[in-house]
>>> print(open('my_file38.tsv').read())   # TSV, C-alpha atoms
chain	number	residue	atom	x	y	z
M	10	MET	CA	59.37	42.09	108.68
M	11	PHE	CA	62.47	43.74	107.21
M	12	GLY	CA	63.32	45.46	110.49
M	13	ARG	CA	63.60	42.11	112.22
M	14	ALA	CA	65.61	40.58	109.38
M	15	GLY	CA	67.87	43.66	109.49
M	16	GLU	CA	68.50	43.15	113.20
M	17	GLN	CA	69.46	39.52	112.59
M	18	ARG	CA	71.78	40.54	109.79
M	19	ARG	CA	73.33	43.21	112.00
M	20	ASP	CA	74.08	40.57	114.63
M	21	GLN	CA	75.80	38.55	111.93
M	22	LEU	CA	77.81	41.62	110.92
M	23	VAL	CA	79.00	42.04	114.48
M	24	ALA	CA	79.92	38.38	114.71
M	25	PHE	CA	82.01	38.56	111.53
M	26	ASP	CA	83.68	41.96	111.88
M	27	SER	CA	87.14	41.16	110.58
M	28	ASP	CA	88.46	44.49	111.88
M	29	ARG	CA	87.82	43.69	115.53
M	30	PRO	CA	91.45	42.74	116.44
M	31	ALA	CA	92.82	45.85	114.69
M	32	VAL	CA	90.21	48.09	116.36
M	33	GLU	CA	90.98	46.67	119.80
M	34	ALA	CA	94.71	47.14	119.25
M	35	ALA	CA	94.15	50.76	118.12
M	36	ARG	CA	91.98	51.41	121.16
M	37	ARG	CA	94.82	50.31	123.43
M	38	ASP	CA	97.37	52.36	121.51
M	39	LEU	CA	96.25	54.95	118.91
M	40	ALA	CA	99.59	54.59	117.13
M	41	LEU	CA	98.18	51.27	115.90
M	42	PHE	CA	95.33	53.03	114.08
M	43	GLU	CA	97.44	53.14	110.91
M	44	PRO	CA	96.56	49.65	109.56
M	45	LEU	CA	92.86	50.58	109.70
M	46	TYR	CA	93.63	53.84	107.92
M	47	ARG	CA	95.62	52.05	105.19
M	48	LYS	CA	92.85	49.53	104.70
M	49	TYR	CA	90.05	52.08	104.29
M	50	VAL	CA	91.65	55.25	102.92
M	51	GLY	CA	90.91	54.25	99.30
M	52	GLN	CA	87.31	53.36	100.06
M	53	VAL	CA	86.57	56.56	101.96
M	54	TYR	CA	88.35	58.72	99.37
M	55	SER	CA	86.48	57.04	96.53
M	56	PHE	CA	83.11	57.52	98.23
M	57	ALA	CA	83.97	61.19	98.85
M	58	LEU	CA	85.09	61.65	95.23
M	59	TYR	CA	81.83	60.27	93.83
M	60	GLU	CA	79.86	62.48	96.21
M	61	LEU	CA	81.85	65.70	95.85
M	62	ARG	CA	83.23	65.36	92.28
M	63	ASP	CA	86.36	67.25	93.21
M	64	ARG	CA	89.73	65.74	94.08
M	65	HIS	CA	90.72	68.40	96.60
M	66	ALA	CA	87.33	68.40	98.32
M	67	ALA	CA	87.49	64.58	98.47
M	68	GLU	CA	90.95	64.78	100.06
M	69	ASP	CA	89.74	67.32	102.65
M	70	ALA	CA	86.72	65.16	103.48
M	71	THR	CA	88.90	62.03	103.77
M	72	GLU	CA	91.22	63.83	106.17
M	73	GLN	CA	88.31	64.98	108.34
M	74	VAL	CA	86.80	61.49	108.39
M	75	PHE	CA	89.99	59.81	109.61
M	76	LEU	CA	90.80	62.51	112.16
M	77	GLN	CA	87.26	62.22	113.57
M	78	ALA	CA	87.57	58.43	113.59
M	79	LEU	CA	90.91	58.58	115.41
M	80	ASN	CA	89.60	61.05	117.99
M	81	GLY	CA	86.34	59.15	118.46
M	82	LEU	CA	87.64	55.59	118.45
M	83	ALA	CA	87.15	55.29	122.21
M	84	ARG	CA	83.45	55.99	121.70
M	85	PHE	CA	82.99	53.38	118.99
M	86	HIS	CA	81.07	50.29	120.04
M	87	GLU	CA	80.29	47.45	117.72
M	88	ARG	CA	76.63	47.74	118.64
M	89	GLY	CA	76.18	51.30	119.81
M	90	VAL	CA	72.86	52.98	120.41
M	91	ASP	CA	73.19	54.65	117.04
M	92	GLY	CA	73.03	51.28	115.30
M	93	ALA	CA	76.66	51.17	114.18
M	94	SER	CA	77.67	47.56	113.88
M	95	THR	CA	81.12	47.14	112.35
M	96	PHE	CA	84.09	49.45	112.17
M	97	ARG	CA	83.56	49.92	108.43
M	98	VAL	CA	79.89	50.87	108.93
M	99	TRP	CA	80.85	53.29	111.71
M	100	LEU	CA	83.59	54.86	109.54
M	101	PHE	CA	81.21	55.31	106.61
M	102	ARG	CA	78.59	56.87	108.87
M	103	ILE	CA	81.21	59.49	109.77
M	104	ALA	CA	82.03	59.84	106.06
M	105	ARG	CA	78.38	60.30	105.15
M	106	ASN	CA	78.00	63.11	107.72
M	107	VAL	CA	81.23	64.87	106.72
M	108	ILE	CA	80.36	64.65	103.02
M	109	SER	CA	76.76	65.81	103.54
M	110	ASN	CA	78.03	68.87	105.40
M	111	GLU	CA	80.56	69.56	102.66
M	112	ARG	CA	77.93	69.23	99.91
M	113	ARG	CA	75.60	71.58	101.78
M	114	ARG	CA	78.45	74.04	102.28
M	115	THR	CA	79.75	74.16	98.73
M	116	ARG	CA	76.69	73.17	96.67
M	117	ARG	CA	79.23	71.82	94.21
M	118	ARG	CA	77.52	69.90	91.42
M	119	PRO	CA	79.34	69.98	88.09
M	120	ASP	CA	77.11	69.05	85.16
M	121	VAL	CA	79.42	66.68	83.34
M	122	PRO	CA	81.73	64.51	85.45
M	123	LEU	CA	83.93	63.73	82.48
M	124	GLU	CA	87.14	63.76	84.47
M	125	LEU	CA	85.94	60.60	86.20
M	126	ALA	CA	85.03	59.00	82.89
M	127	ASP	CA	88.50	59.85	81.57
M	128	ALA	CA	90.14	58.25	84.56
M	129	ILE	CA	88.45	54.92	84.00
M	130	ALA	CA	90.66	52.43	82.18
M	131	ALA	CA	89.76	52.24	78.55
M	132	PRO	CA	90.24	49.26	76.23
M	133	ASP	CA	93.18	49.26	73.78
M	134	ASP	CA	90.96	49.65	70.72
M	135	PRO	CA	90.53	53.44	70.22
M	136	ALA	CA	86.98	53.16	68.85
M	137	ALA	CA	85.93	50.99	71.77
M	138	ALA	CA	87.71	53.41	74.13
M	139	VAL	CA	85.70	56.36	72.78
M	140	ALA	CA	82.46	54.40	73.01
M	141	GLN	CA	83.23	53.26	76.51
M	142	ARG	CA	84.19	56.74	77.66
M	143	SER	CA	80.98	58.25	76.36
M	144	GLU	CA	78.96	55.39	77.83
M	145	THR	CA	80.68	55.82	81.21
M	146	ALA	CA	80.05	59.57	81.13
M	147	ALA	CA	76.35	58.90	80.42
M	148	VAL	CA	76.16	56.46	83.34
M	149	LEU	CA	77.94	58.88	85.70
M	150	ARG	CA	75.67	61.73	84.63
M	151	SER	CA	72.66	59.57	85.29
M	152	VAL	CA	73.97	58.57	88.73
M	153	GLU	CA	74.64	62.22	89.54
M	154	ARG	CA	71.00	63.06	88.76
M	155	LEU	CA	69.71	60.58	91.37
M	156	PRO	CA	68.34	61.89	94.68
M	157	ASP	CA	71.10	61.96	97.33
M	158	GLU	CA	70.20	58.78	99.26
M	159	ARG	CA	69.66	56.71	96.10
M	160	ARG	CA	73.00	57.87	94.69
M	161	ARG	CA	74.81	57.09	97.94
M	162	ALA	CA	73.23	53.65	98.15
M	163	LEU	CA	74.24	52.86	94.57
M	164	VAL	CA	77.85	54.01	95.07
M	165	LEU	CA	78.15	52.01	98.30
M	166	ARG	CA	76.72	48.93	96.54
M	167	PHE	CA	78.82	49.06	93.37
M	168	VAL	CA	82.01	50.88	94.34
M	169	GLU	CA	82.42	49.71	97.91
M	170	GLU	CA	80.64	46.39	97.24
M	171	MET	CA	78.72	46.63	100.50
M	172	SER	CA	75.74	44.48	101.37
M	173	SER	CA	72.26	45.96	101.74
M	174	ALA	CA	72.53	45.40	105.50
M	175	GLU	CA	75.69	47.51	105.71
M	176	ILE	CA	74.20	50.21	103.49
M	177	GLY	CA	71.06	50.27	105.64
M	178	ALA	CA	73.19	50.69	108.77
M	179	ILE	CA	75.16	53.56	107.17
M	180	LEU	CA	72.11	55.38	105.85
M	181	GLY	CA	70.16	54.82	109.06
M	182	SER	CA	67.50	52.55	107.59
M	183	SER	CA	66.64	48.85	107.60
M	184	GLU	CA	68.19	46.31	105.27
M	185	GLY	CA	64.87	46.01	103.40
M	186	ALA	CA	64.60	49.77	102.95
M	187	ALA	CA	68.17	49.87	101.59
M	188	ARG	CA	67.33	47.08	99.13
M	189	VAL	CA	64.30	48.98	97.86
M	190	LEU	CA	66.37	52.18	97.63
M	191	ILE	CA	68.97	50.44	95.45
M	192	HIS	CA	66.30	48.80	93.32
M	193	ARG	CA	64.58	52.16	92.71
M	194	ALA	CA	67.92	53.76	91.89
M	195	LEU	CA	68.62	51.00	89.36
M	196	ARG	CA	65.21	51.52	87.76
M	197	GLN	CA	65.72	55.28	87.58
M	198	VAL	CA	69.16	54.92	85.96
M	199	ALA	CA	67.75	52.35	83.51
M	200	ARG	CA	64.94	54.76	82.50
M	201	ASP	CA	67.40	57.62	82.22
M	202	LEU	CA	69.80	55.68	80.00
M	203	GLU	CA	66.91	54.44	77.89
M	204	ARG	CA	65.94	58.07	77.25
M	205	VAL	CA	69.52	58.92	76.23
M	206	ASP	CA	69.91	55.84	74.03
M	207	ARG	CA	66.60	56.25	72.26
M	208	PRO	CA	65.77	59.89	71.73
M	209	ARG	CA	62.40	60.87	70.27
M	210	GLY	CA	61.43	58.98	67.14
C	4	MET	CA	53.75	41.94	88.56
C	5	LEU	CA	55.85	41.42	91.70
C	6	PRO	CA	55.51	43.73	94.72
C	7	VAL	CA	58.42	46.18	95.05
C	8	ASP	CA	59.92	44.34	98.06
C	9	ASP	CA	60.12	41.10	96.09
C	10	GLU	CA	61.52	42.84	93.02
C	11	ALA	CA	64.11	44.55	95.24
C	12	LEU	CA	65.06	41.20	96.76
C	13	GLN	CA	65.46	39.71	93.29
C	14	SER	CA	67.68	42.64	92.22
C	15	ASP	CA	69.69	42.26	95.43
C	16	VAL	CA	70.36	38.57	94.80
C	17	TYR	CA	71.39	39.35	91.23
C	18	LEU	CA	73.73	42.17	92.34
C	19	GLU	CA	75.28	39.96	95.01
C	20	LEU	CA	76.08	37.33	92.38
C	21	LEU	CA	77.28	39.93	89.87
C	22	LEU	CA	79.65	41.55	92.38
C	23	ASP	CA	80.72	38.19	93.77
C	24	SER	CA	81.67	36.97	90.29
C	25	HIS	CA	84.50	39.51	90.09
C	26	ARG	CA	85.53	39.14	93.71
C	27	ARG	CA	86.72	35.73	92.53
C	28	THR	CA	88.00	37.01	89.16
C	29	PRO	CA	89.20	40.60	88.65
C	30	ARG	CA	86.82	43.00	86.87
C	31	LEU	CA	87.26	42.86	83.11
C	32	ALA	CA	86.11	45.59	80.79
C	33	ILE	CA	83.23	44.30	78.70
C	34	PRO	CA	83.06	45.88	75.24
C	35	PRO	CA	80.08	48.26	75.20
C	36	ALA	CA	78.48	46.43	72.29
C	37	SER	CA	78.04	43.30	74.38
C	38	VAL	CA	75.58	45.00	76.71
C	39	GLY	CA	73.80	47.17	74.19
C	40	HIS	CA	70.11	47.07	73.40
C	41	GLY	CA	68.95	43.82	71.92
C	42	SER	CA	72.20	42.03	72.68
C	43	GLU	CA	72.55	38.94	74.82
C	44	ILE	CA	72.97	39.86	78.47
C	45	ALA	CA	75.96	38.36	80.21
C	46	ARG	CA	74.79	36.22	83.10
C	47	PRO	CA	76.86	36.18	86.29
C	48	GLU	CA	78.22	32.76	87.11
C	49	GLY	CA	75.83	30.76	89.28
C	50	THR	CA	72.65	32.64	88.36
C	51	THR	CA	69.52	30.99	87.07
C	52	SER	CA	66.88	32.77	85.04
C	53	SER	CA	64.72	33.13	88.18
C	54	ASP	CA	67.55	35.02	89.99
C	55	ARG	CA	67.70	37.68	87.31
C	56	PRO	CA	65.66	40.86	87.42
C	57	ASN	CA	64.13	42.09	84.18
C	58	PRO	CA	66.66	42.38	81.30
C	59	GLU	CA	66.72	46.20	81.41
C	60	LEU	CA	67.71	46.25	85.08
C	61	ALA	CA	70.29	43.51	84.54
C	62	ARG	CA	71.84	45.50	81.70
C	63	THR	CA	71.89	48.65	83.85
C	64	ALA	CA	73.48	46.73	86.71
C	65	GLN	CA	76.25	45.55	84.40
C	66	LEU	CA	76.83	49.07	83.09
C	67	LEU	CA	77.03	50.42	86.62
C	68	ASP	CA	79.32	47.61	87.64
C	69	ARG	CA	81.70	48.55	84.86
C	70	SER	CA	81.45	52.33	85.25
C	71	LEU	CA	81.48	52.80	89.02
C	72	ILE	CA	85.03	51.84	89.87
C	73	ARG	CA	87.04	52.64	92.98
C	74	PHE	CA	89.55	55.50	92.87
C	75	HIS	CA	92.62	55.76	95.04
C	76	PRO	CA	94.10	58.96	96.46
C	77	SER	CA	97.57	60.08	95.41
C	78	PHE	CA	100.56	58.58	97.19
C	79	ARG	CA	101.54	62.05	98.41
C	80	PHE	CA	98.14	62.68	100.00
C	81	GLU	CA	97.98	59.22	101.57
C	82	GLU	CA	101.43	59.54	103.14
C	83	GLY	CA	100.79	63.13	104.28
C	84	LEU	CA	97.57	62.14	106.02
C	85	ALA	CA	99.27	59.10	107.57
C	86	ALA	CA	101.87	61.46	109.08
C	87	ARG	CA	99.15	63.82	110.41
C	88	LEU	CA	97.30	60.88	111.97
C	89	ARG	CA	100.53	59.65	113.59
C	90	ALA	CA	101.06	63.14	115.05
C	91	ALA	CA	97.44	63.23	116.30
C	92	ALA	CA	97.86	59.78	117.89
C	93	GLU	CA	101.10	60.96	119.51
C	94	ALA	CA	99.33	64.06	120.88
C	95	HIS	CA	96.72	61.78	122.51
C	96	ARG	CA	99.48	59.78	124.19
C	97	SER	CA	101.32	62.84	125.60
C	98	PRO	CA	100.67	63.78	129.28
C	99	ASN	CA	99.04	67.06	128.18
C	100	GLY	CA	96.51	65.16	126.09
C	101	PRO	CA	95.37	66.11	122.62
C	102	ARG	CA	94.62	69.71	123.63
C	103	GLY	CA	98.12	70.45	124.97
C	104	GLU	CA	99.44	71.73	121.66
C	105	THR	CA	102.37	74.12	121.41
C	106	LEU	CA	101.78	77.34	119.49
C	107	ALA	CA	104.47	78.70	117.21
C	108	PHE	CA	106.27	81.62	118.88
C	109	PRO	CA	106.08	84.18	116.04
C	110	ALA	CA	102.26	83.98	115.93
C	111	ARG	CA	101.91	87.63	117.03
C	112	THR	CA	104.06	88.88	114.18
C	113	GLN	CA	102.10	86.88	111.62
C	114	GLY	CA	99.79	89.78	110.66
C	115	LEU	CA	102.75	92.09	110.15
C	116	LEU	CA	104.60	89.51	108.10
C	117	ASP	CA	101.58	88.88	105.89
C	118	ARG	CA	101.45	92.58	104.98
C	119	SER	CA	105.18	92.73	104.33
C	120	PRO	CA	106.20	93.67	100.77
C	121	LEU	CA	109.08	91.17	101.02
C	122	PRO	CA	108.89	87.90	99.08
C	123	VAL	CA	107.44	85.01	101.11
C	124	ASP	CA	110.78	83.20	101.52
C	125	GLU	CA	112.40	86.32	103.02
C	126	ARG	CA	109.62	87.01	105.55
C	127	ASP	CA	110.96	84.51	108.05
C	128	SER	CA	114.17	86.53	108.39
C	129	LEU	CA	112.03	89.67	108.82
C	130	GLY	CA	110.33	87.94	111.75
C	131	ARG	CA	113.73	87.28	113.33
C	132	VAL	CA	114.74	90.94	112.74
C	133	LEU	CA	111.52	92.14	114.44
C	134	VAL	CA	112.05	89.91	117.45
C	135	GLY	CA	115.76	90.80	117.64
C	136	GLY	CA	114.90	94.52	117.36
C	137	ALA	CA	112.43	94.26	120.22
C	138	ILE	CA	115.03	92.57	122.45
C	139	ALA	CA	117.72	95.14	121.54
C	140	SER	CA	115.33	98.01	122.23
C	141	GLY	CA	114.38	96.50	125.61
C	142	VAL	CA	118.03	96.16	126.57
C	143	SER	CA	118.83	99.80	125.61
C	144	ILE	CA	115.85	101.18	127.60
C	145	ALA	CA	116.91	99.18	130.67
C	146	GLY	CA	120.52	100.43	130.23
C	147	ALA	CA	119.43	104.08	129.92
C	148	ALA	CA	117.24	103.78	133.06
C	149	ALA	CA	120.17	102.30	135.03
C	150	TRP	CA	122.51	105.08	133.81
C	151	LEU	CA	119.99	107.84	134.79
C	152	ALA	CA	119.55	106.27	138.24
C	153	TRP	CA	123.34	106.12	138.72
C	154	ARG	CA	123.70	109.81	137.64
C	155	ARG	CA	120.93	110.97	140.00
C	156	ARG	CA	122.48	109.01	142.91
C	157	SER	CA	125.97	110.45	142.25
C	158	ARG	CA	124.55	114.06	142.08
C	159	GLN	CA	122.75	113.60	145.37
C	160	GLN	CA	126.01	112.36	146.94
C	161	THR	CA	127.89	115.46	145.54
C	162	VAL	CA	125.26	117.89	146.94
C	163	ALA	CA	125.36	116.15	150.32
>>> encode(input="my_file38.tsv", output="C-alpha cells")
Amino acid sequence: MFGRAGEQRRDQLVAFDSDRPAVEAARRDLALFEPLYRKYVGQVYSFALYELRDRHAAEDATEQVFLQALNGLARFHERGVDGASTFRVWLFRIARNVISNERRRTRRRPDVPLELADAIAAPDDPAAAVAQRSETAAVLRSVERLPDERRRALVLRFVEEMSSAEIGAILGSSEGAARVLIHRALRQVARDLERVDRPRG
Amino acid sequence: MLPVDDEALQSDVYLELLLDSHRRTPRLAIPPASVGHGSEIARPEGTTSSDRPNPELARTAQLLDRSLIRFHPSFRFEEGLAARLRAAAEAHRSPNGPRGETLAFPARTQGLLDRSPLPVDERDSLGRVLVGGAIASGVSIAGAAAWLAWRRRSRQQTVA
C-alpha cells in the first residue's frame, strides 16, 4: 500500500524538481555547479553538524559531500536505479553515506550538546533565555539518544523541512515507512522529555 | 486506539501544517511556558482537532520545531570550499581531465624539510638552498670530469 503511494509521490517529486535547470546547466559545464552548492551548503552542513556534533567534522563532511557530488554529477539521474528522485534527495543520500562513515570512524558522541543549545537564539528576557536554553539542551539530548535512523529522519523533517517521501528516498525506505519512523521518534522524544520533566514522585 | 500507520499519517499531516505555518511566517520563539505541561497547546493555522495527534506528541513537535534550527557554516569555510569546487570543476574541463594534476616540485625534499630544526617560515628557503646546492654540485662534478679528460688527452699528445 505505502510502497505504491511512495512511487506515485516519487513521480511527483521528479515532476516538480525545481533544481532541474540548474542541474542540466551544471552537467553541461561544471563551472555552473556553484549555484547548486550555494543553495544547499547550509542544509548539508546543518545535517552534518546535527549528526557529528563537531564543527570541524561537519565542515570536512560537507566538503566531501560536495566534491563527490561534483565528480558524480554525470551519473546522477532523476530516477536512477538507486531510487534517487531529485537533486536534493541525491545530494542528501551522498551526505548520509559520508556522515555514516565519519560516525563509524570517529565514534564521536558527546554527552551534552550544549554548544548547539547556546547557539540557538534566545529571547531578550534573561530568565526566559535560561529556561529556553535548558529546554533546548534537554530536547537535543533526547534527540541524540534516538537510534540513528530515527534521529536522521527527525532532523531531516524539522531542520531541512523535508517531506516523508523525500526522507524515505534518502533513507532507502518507502514514504509510509519514513512516516512511521518519524512518528516513533516523536513518541520516544515525548516519553524521554516526560521522564526529565517529571522525575520520580 | 488507531493503528500505527494511521497515527503516523495523522502526525505527518500535523507536522506538515506546523512546518508550513512558518514557511509563510518566519519562525518565532515561543516562550517555554506556553508549551509546558497543562498549558494550552498552540494550534498551527488551518488545523482542526481531528488533524492533531495526541496533545503530548503535538507539544513535542512544537518543542522540536523550536529547538532543531538550521545552522550555517562560516563565511570563510563557505568561500574556501567554493574556491576548491571551482578548481575541481576547472580540472574536469582541462584536456588532461581531473586526474592530470601537477605535483609540487619540492615534494622529494618534504621529508627533509619536516625534520629541519628551522622555523616553518624559513623552511621554504632551505628547500631552495638544497635544490641550488644539488645543481651547483652537479655542475662542479661535470666540470672536474671535463678537466680530467682534457688533462689525459694533452698528456697522451705529449707522450706521442
>>> residues_around(input="my_file38.tsv", residues="Val152 of chain M", least_positions_apart="3", cutoff="9 Å", atoms="only C-alpha atoms", output="PyMOL selection string")
(chain M and resi 147-149+155-156+159-160+163-164+194+197-198) or (chain C and resi 67)
>>> closest_residue(input="my_file38.tsv", among="C:Asp9, C:Leu84, C:Pro76, C:Ser97", to="Tyr46 of chain M", atoms="all atoms listed in the file")
C:Leu84
>>> atom_distance(input="my_file38.tsv", atom1="atom CA of Asn57 of chain C", atom2="atom CA of Phe167 of chain M")
18.7 Å
>>> closest_residue(input="my_file38.tsv", among="C:Pro6, C:Ala92, C:Ala86, C:Val16", to="chain M", atoms="only C-alpha atoms")
C:Ala92
>>> residues_around(input="my_file38.tsv", residues="segment 39-44 of chain M", least_positions_apart="5", cutoff="12 Å", atoms="all atoms listed in the file", output="MDAnalysis selection string")
(chainID M and resid 28 30:34 49:50 75:76 78:83 96) or (chainID C and resid 81:82 84:97 101)
>>> interface_residues(input="my_file38.tsv", of="chain M", to="chain C", cutoff="7 Å", atoms="only C-alpha atoms", output="MDAnalysis selection string")
chainID M and resid 39:40 51 54:55 72 76 137 140:141 145 148 167:168 170 188:189 192 195:196 199
>>> atom_distance(input="my_file38.tsv", atom1="atom CA of Met171 of chain M", atom2="atom CA of Leu61 of chain M")
19.9 Å
>>> atom_distance(input="my_file38.tsv", atom1="atom CA of Arg102 of chain M", atom2="atom CA of Ala178 of chain M")
8.2 Å
>>> axis_aligned_box(input="my_file38.tsv", around="segment 177-185 of chain M", padding_each_side="4 Å", output="AutoDock Vina command-line options")
--center_x 70.0 --center_y 50.7 --center_z 106.2 --size_x 18.3 --size_y 17.4 --size_z 13.7
